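Shown here: start02.cif, mmCIF, C-alpha atoms.
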```
data_final
loop_
_atom_site.label_atom_id
_atom_site.label_comp_id
_atom_site.auth_asym_id
_atom_site.auth_seq_id
_atom_site.Cartn_x
_atom_site.Cartn_y
_atom_site.Cartn_z
CA MET L 1 -11.57 2.53 -12.62
CA PRO L 2 -8.07 2.32 -14.07
CA ASP L 3 -5.72 -0.24 -12.57
CA ILE L 4 -1.97 0.12 -12.71
CA SER L 5 0.86 -2.00 -14.04
CA CYS L 6 4.47 -1.96 -12.91
CA SER L 7 7.40 -3.51 -14.82
CA TRP L 8 10.72 -4.53 -13.39
CA LEU L 9 13.63 -2.76 -15.13
CA GLY L 10 16.47 -4.66 -13.42
CA ASP L 11 18.15 -4.16 -10.04
CA MET L 12 15.66 -2.26 -7.86
CA ALA L 13 14.16 -0.10 -10.64
CA PHE L 14 10.53 -0.31 -11.71
CA SER L 15 8.39 1.55 -14.22
CA ALA L 16 4.77 1.98 -13.19
CA THR L 17 2.10 3.11 -15.64
CA VAL L 18 -0.53 5.21 -13.88
CA ASN L 19 -3.31 6.79 -15.98
CA GLY L 20 -1.03 6.46 -19.00
CA HIS L 21 1.86 8.30 -17.33
CA GLU L 22 5.16 6.57 -16.62
CA LEU L 23 6.37 6.73 -13.05
CA ARG L 24 9.87 5.48 -12.32
CA ILE L 25 10.42 3.97 -8.85
CA ASP L 26 13.86 3.00 -7.54
CA ALA L 27 15.78 2.29 -4.34
CA ASP L 28 18.79 4.31 -3.28
CA SER L 29 22.33 2.94 -3.52
CA GLU L 30 22.25 1.67 0.08
CA PHE L 31 19.57 -0.83 -0.99
CA GLY L 32 20.96 -1.78 -4.39
CA GLY L 33 19.20 0.91 -6.41
CA LYS L 34 20.38 3.84 -8.51
CA ASP L 35 17.91 6.51 -7.29
CA SER L 36 16.44 6.78 -10.81
CA GLY L 37 13.06 7.61 -9.23
CA PRO L 38 11.47 8.07 -5.81
CA ARG L 39 11.18 5.33 -3.19
CA PRO L 40 7.75 3.63 -3.27
CA LYS L 41 6.51 4.28 0.27
CA PRO L 42 6.53 8.12 0.21
CA LEU L 43 4.33 7.97 -2.92
CA ILE L 44 1.54 7.44 -0.38
CA MET L 45 2.27 10.89 1.05
CA ALA L 46 2.26 12.38 -2.46
CA ALA L 47 -1.08 10.68 -3.13
CA LEU L 48 -2.51 12.22 0.03
CA ALA L 49 -1.24 15.71 -0.82
CA GLY L 50 -2.47 15.58 -4.41
CA CYS L 51 -5.89 14.21 -3.48
CA SER L 52 -6.56 16.59 -0.61
CA GLY L 53 -4.95 19.52 -2.44
CA MET L 54 -7.40 19.15 -5.35
CA ASP L 55 -10.30 19.22 -2.88
CA VAL L 56 -9.02 22.30 -1.06
CA VAL L 57 -8.39 24.27 -4.27
CA SER L 58 -11.82 23.33 -5.66
CA ILE L 59 -13.64 24.30 -2.46
CA LEU L 60 -11.77 27.60 -2.01
CA LYS L 61 -12.50 28.54 -5.62
CA LYS L 62 -16.21 27.82 -5.09
CA MET L 63 -16.01 30.09 -2.02
CA ARG L 64 -14.40 32.73 -4.29
CA GLU L 65 -11.37 32.92 -2.02
CA PRO L 66 -8.49 34.76 -3.81
CA ILE L 67 -5.93 31.97 -3.58
CA THR L 68 -2.74 32.54 -5.59
CA TRP L 69 -0.29 30.21 -3.81
CA PHE L 70 -0.73 26.92 -2.00
CA ASN L 71 1.74 24.31 -0.82
CA MET L 72 1.50 21.19 1.31
CA ARG L 73 4.02 19.27 3.32
CA VAL L 74 3.32 15.76 4.51
CA GLU L 75 5.21 14.27 7.43
CA ALA L 76 5.01 10.68 8.66
CA ASP L 77 6.17 8.69 11.65
CA GLN L 78 7.58 5.27 10.81
CA SER L 79 8.02 2.08 12.79
CA ASP L 80 11.57 0.89 13.54
CA GLU L 81 10.89 -2.82 13.02
CA HIS L 82 9.94 -4.75 9.87
CA PRO L 83 7.58 -4.19 8.21
CA LYS L 84 8.77 -0.59 8.34
CA THR L 85 5.54 1.25 7.86
CA TYR L 86 3.92 4.59 8.57
CA THR L 87 2.34 4.83 12.00
CA ALA L 88 0.95 8.38 11.78
CA MET L 89 0.75 11.11 9.16
CA ARG L 90 0.35 14.89 9.23
CA ILE L 91 -0.45 17.20 6.34
CA ILE L 92 0.46 20.87 6.71
CA TYR L 93 -1.48 23.14 4.35
CA GLU L 94 0.50 26.32 3.67
CA PHE L 95 -1.01 29.50 2.28
CA LYS L 96 0.25 33.03 1.67
CA ALA L 97 -0.84 35.45 4.37
CA ALA L 98 -0.75 38.20 1.70
CA ASP L 99 -3.56 36.47 -0.21
CA GLY L 100 -5.94 37.56 2.57
CA LEU L 101 -7.92 34.31 2.65
CA LYS L 102 -10.66 34.00 5.26
CA ASP L 103 -9.26 31.58 7.83
CA GLU L 104 -12.74 30.25 8.55
CA ASN L 105 -13.17 29.25 4.92
CA VAL L 106 -9.70 27.72 4.71
CA ARG L 107 -10.44 25.59 7.77
CA LYS L 108 -13.77 24.56 6.31
CA ALA L 109 -12.12 23.52 3.03
CA VAL L 110 -9.46 21.46 4.82
CA ASP L 111 -12.03 19.82 7.10
CA LEU L 112 -14.36 18.98 4.22
CA SER L 113 -11.47 17.34 2.37
CA LEU L 114 -10.17 15.31 5.29
CA GLU L 115 -13.58 14.38 6.66
CA ARG L 116 -15.73 13.99 3.57
CA TYR L 117 -14.12 14.10 0.12
CA CYS L 118 -10.53 12.87 0.02
CA GLY L 119 -10.48 9.17 -0.79
CA VAL L 120 -6.81 8.82 0.12
CA ALA L 121 -7.41 10.35 3.56
CA ALA L 122 -10.43 8.08 4.06
CA LEU L 123 -8.26 5.03 3.33
CA LEU L 124 -5.32 6.11 5.51
CA LYS L 125 -7.58 7.07 8.43
CA LYS L 126 -8.73 3.45 8.64
CA ALA L 127 -5.11 2.44 9.29
CA ILE L 128 -3.32 5.25 11.17
CA PRO L 129 -3.94 8.63 12.83
CA LEU L 130 -4.06 11.40 10.23
CA SER L 131 -4.12 15.10 11.09
CA GLY L 132 -4.18 18.39 9.22
CA GLU L 133 -2.68 21.77 10.13
CA ILE L 134 -2.94 25.16 8.44
CA ALA L 135 -0.08 27.68 8.20
CA TYR L 136 0.08 31.17 6.68
CA LEU L 137 3.56 32.10 5.43
CA MET H 1 12.86 9.73 7.03
CA PRO H 2 12.23 12.12 4.15
CA ASP H 3 8.94 13.96 4.11
CA ILE H 4 7.36 15.24 0.94
CA SER H 5 6.22 18.64 -0.30
CA CYS H 6 3.62 19.34 -2.94
CA SER H 7 3.11 22.69 -4.70
CA TRP H 8 -0.01 23.87 -6.44
CA LEU H 9 0.65 24.75 -10.11
CA GLY H 10 -2.79 26.22 -10.91
CA ASP H 11 -6.07 24.52 -11.87
CA MET H 12 -5.85 20.91 -10.60
CA ALA H 13 -2.10 20.44 -11.23
CA PHE H 14 0.40 19.83 -8.45
CA SER H 15 4.12 19.15 -8.35
CA ALA H 16 5.23 16.84 -5.54
CA THR H 17 8.88 16.43 -4.58
CA VAL H 18 9.58 12.87 -3.41
CA ASN H 19 13.18 11.90 -2.55
CA GLY H 20 14.33 14.81 -4.72
CA HIS H 21 12.33 13.64 -7.77
CA GLU H 22 9.52 15.73 -9.20
CA LEU H 23 6.20 13.99 -9.56
CA ARG H 24 3.44 15.80 -11.46
CA ILE H 25 -0.12 15.06 -10.33
CA ASP H 26 -3.18 16.30 -12.22
CA ALA H 27 -6.88 15.67 -12.71
CA ASP H 28 -8.39 14.78 -16.07
CA SER H 29 -10.44 17.25 -18.09
CA GLU H 30 -13.72 16.01 -16.60
CA PHE H 31 -12.57 17.37 -13.22
CA GLY H 32 -10.93 20.59 -14.39
CA GLY H 33 -7.46 19.18 -15.00
CA LYS H 34 -5.23 18.80 -18.04
CA ASP H 35 -3.95 15.23 -17.43
CA SER H 36 -0.38 16.54 -17.10
CA GLY H 37 0.31 13.72 -14.64
CA PRO H 38 -1.43 10.77 -12.99
CA ARG H 39 -4.40 11.05 -10.65
CA PRO H 40 -3.37 10.99 -6.97
CA LYS H 41 -5.29 7.96 -5.71
CA PRO H 42 -3.77 5.27 -7.99
CA LEU H 43 -0.32 6.37 -6.78
CA ILE H 44 -1.17 4.18 -3.79
CA MET H 45 -1.31 1.17 -6.11
CA ALA H 46 2.02 2.17 -7.65
CA ALA H 47 3.51 2.48 -4.16
CA LEU H 48 2.30 -1.03 -3.33
CA ALA H 49 3.71 -2.54 -6.55
CA GLY H 50 7.08 -0.80 -6.18
CA CYS H 51 7.47 -1.70 -2.51
CA SER H 52 6.45 -5.33 -2.84
CA GLY H 53 8.27 -5.71 -6.17
CA MET H 54 11.57 -4.70 -4.58
CA ASP H 55 11.06 -7.32 -1.88
CA VAL H 56 10.21 -10.08 -4.35
CA VAL H 57 13.20 -9.35 -6.61
CA SER H 58 15.57 -9.20 -3.63
CA ILE H 59 14.31 -12.46 -2.16
CA LEU H 60 14.33 -14.35 -5.48
CA LYS H 61 17.89 -13.19 -6.14
CA LYS H 62 18.99 -14.43 -2.71
CA MET H 63 17.34 -17.76 -3.62
CA ARG H 64 19.39 -17.69 -6.88
CA GLU H 65 16.22 -17.97 -8.94
CA PRO H 66 16.95 -17.11 -12.62
CA ILE H 67 14.44 -14.26 -12.95
CA THR H 68 14.74 -12.25 -16.17
CA TRP H 69 11.25 -10.69 -16.39
CA PHE H 70 8.75 -9.58 -13.77
CA ASN H 71 5.62 -7.46 -13.95
CA MET H 72 2.86 -6.58 -11.52
CA ARG H 73 -0.68 -5.45 -11.98
CA VAL H 74 -2.65 -3.91 -9.14
CA GLU H 75 -6.45 -3.84 -9.19
CA ALA H 76 -8.69 -2.10 -6.70
CA ASP H 77 -12.38 -2.00 -5.87
CA GLN H 78 -13.72 1.47 -5.15
CA SER H 79 -16.72 2.75 -3.22
CA ASP H 80 -19.49 4.53 -5.16
CA GLU H 81 -20.20 7.19 -2.55
CA HIS H 82 -18.00 10.04 -1.27
CA PRO H 83 -15.35 9.71 -0.07
CA LYS H 84 -14.62 7.54 -3.11
CA THR H 85 -11.98 5.26 -1.73
CA TYR H 86 -10.46 1.85 -2.29
CA THR H 87 -12.31 -0.94 -0.52
CA ALA H 88 -10.10 -3.89 -1.56
CA MET H 89 -6.87 -4.36 -3.51
CA ARG H 90 -5.27 -7.23 -5.40
CA ILE H 91 -1.72 -7.48 -6.68
CA ILE H 92 -1.01 -9.94 -9.49
CA TYR H 93 2.66 -10.91 -9.74
CA GLU H 94 3.46 -12.01 -13.31
CA PHE H 95 6.54 -14.05 -14.26
CA LYS H 96 7.77 -15.71 -17.44
CA ALA H 97 7.12 -19.46 -17.48
CA ALA H 98 10.24 -19.78 -19.68
CA ASP H 99 12.42 -18.52 -16.80
CA GLY H 100 11.79 -21.84 -15.04
CA LEU H 101 11.42 -20.35 -11.56
CA LYS H 102 10.55 -22.73 -8.74
CA ASP H 103 6.92 -21.97 -7.91
CA GLU H 104 7.51 -22.81 -4.26
CA ASN H 105 10.20 -20.13 -4.03
CA VAL H 106 8.09 -17.59 -5.89
CA ARG H 107 5.21 -18.15 -3.48
CA LYS H 108 7.57 -17.85 -0.53
CA ALA H 109 8.95 -14.55 -1.84
CA VAL H 110 5.47 -13.11 -2.38
CA ASP H 111 4.26 -14.29 1.03
CA LEU H 112 7.34 -12.89 2.81
CA SER H 113 6.76 -9.53 1.15
CA LEU H 114 3.05 -9.30 1.87
CA GLU H 115 3.26 -10.76 5.38
CA ARG H 116 6.56 -9.49 6.72
CA TYR H 117 8.55 -6.93 4.70
CA CYS H 118 6.41 -4.62 2.59
CA GLY H 119 5.60 -1.48 4.57
CA VAL H 120 2.97 -0.34 2.06
CA ALA H 121 1.15 -3.69 2.30
CA ALA H 122 1.34 -3.53 6.10
CA LEU H 123 -0.32 -0.11 6.04
CA LEU H 124 -3.02 -1.02 3.52
CA LYS H 125 -3.87 -4.28 5.28
CA LYS H 126 -4.87 -2.28 8.35
CA ALA H 127 -7.52 -0.54 6.23
CA ILE H 128 -8.77 -2.95 3.53
CA PRO H 129 -8.46 -6.57 2.33
CA LEU H 130 -5.29 -7.05 0.31
CA SER H 131 -4.50 -10.20 -1.65
CA GLY H 132 -1.73 -11.44 -3.91
CA GLU H 133 -1.85 -13.81 -6.90
CA ILE H 134 0.92 -15.32 -9.01
CA ALA H 135 0.71 -15.86 -12.76
CA TYR H 136 3.18 -17.40 -15.24
CA LEU H 137 2.87 -15.98 -18.75
#
```

Mind turning the file's structure into structure tokens?
Amino acid sequence: MPDISCSWLGDMAFSATVNGHELRIDADSEFGGKDSGPRPKPLIMAALAGCSGMDVVSILKKMREPITWFNMRVEADQSDEHPKTYTAMRIIYEFKAADGLKDENVRKAVDLSLERYCGVAALLKKAIPLSGEIAYL
Amino acid sequence: MPDISCSWLGDMAFSATVNGHELRIDADSEFGGKDSGPRPKPLIMAALAGCSGMDVVSILKKMREPITWFNMRVEADQSDEHPKTYTAMRIIYEFKAADGLKDENVRKAVDLSLERYCGVAALLKKAIPLSGEIAYL
């Protein structure tokens, strides 16, 4: 499996190389950074969304569900004291009501991802409570 | 704290918005993607490197250590069965021998990050073994 490298660029800026793609990471001005990239911690939420999202799309396509639009939001609770870390995470899977997806299949796809396939969810669930919700917009 | 959103772009591609920065996530061709961005799971390793790297730089600067170059590599072991997830992680902190940093201070900075300050390390340590090594190149 590919490992990652991450170079310091000065101040609080870093350049990570992930699967050959550059990812800039930086602090905001309050912490000595220049906001030239995202903060590191919420990248965990992006990892969760991307990983579970790929599962859900793959499963719904296998079920021949007519999905045209799909969005996720990830919310986290955070501790007040150092180390400031996530204490719970929620992923809200949003679909278009107009797509006419079968809710039963959508729930099955989400459950299969969170319970069986998503490696990011499997890791996070060992550390904190993780829950999924479904919304039709 | 800021939450994240992540939109499906078709096939296996997603666009996450993290602190106002767009982050493209995609699968490789073997899994129906086009490699238009990194895979989601290794973003966890990038989050760890960025988070701990910011700590280490901040602490070494407070110690007035003359750091000019700093790189990290993160390696992970992964399970063979679904859900394919990380089972252990190592972060290798690389410095330039020519910078003449005091090894005692470098070790203190790394330990403070991994034990006390880094929120990503605190989260991962609840799930899997996490270790840090120091190397002078």

Run the PyMOL selection byres ((chain H) within 7 of (chain L)) on the file and write out the hits as a VMD selection string. chain H and resid 3 to 8 12 14 16 18 to 19 21 25 37 to 47 49 to 51 54 69 to 76 82 to 86 116 to 120 122 to 123 126 to 127

Residues within 12 Å of H:Lys108, please, as a ChimeraX atom specification. Count only C-alpha atoms; anything in the same chain fewer than 2 positions from it doesn't count. /H:55-57,59-60,63,101-106,110-116,132,134

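Our summary of the geometry notes that atom CA of L:Asp80 is positioned 25.7 Å from atom CA of H:Met89.
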
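Taking atom CA of H:Tyr136 as the reference point, atom CA of H:Pro66 is found at 14.0 Å.
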
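Between atom CA of L:Leu137 and atom CA of L:Ala97 there is a distance of 5.6 Å.
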
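Minimum distance to L:Arg107 across L:Ala135, L:Lys34, L:Ala88, L:Pro129 (counting all atoms listed in the file) occurs at L:Ala135.
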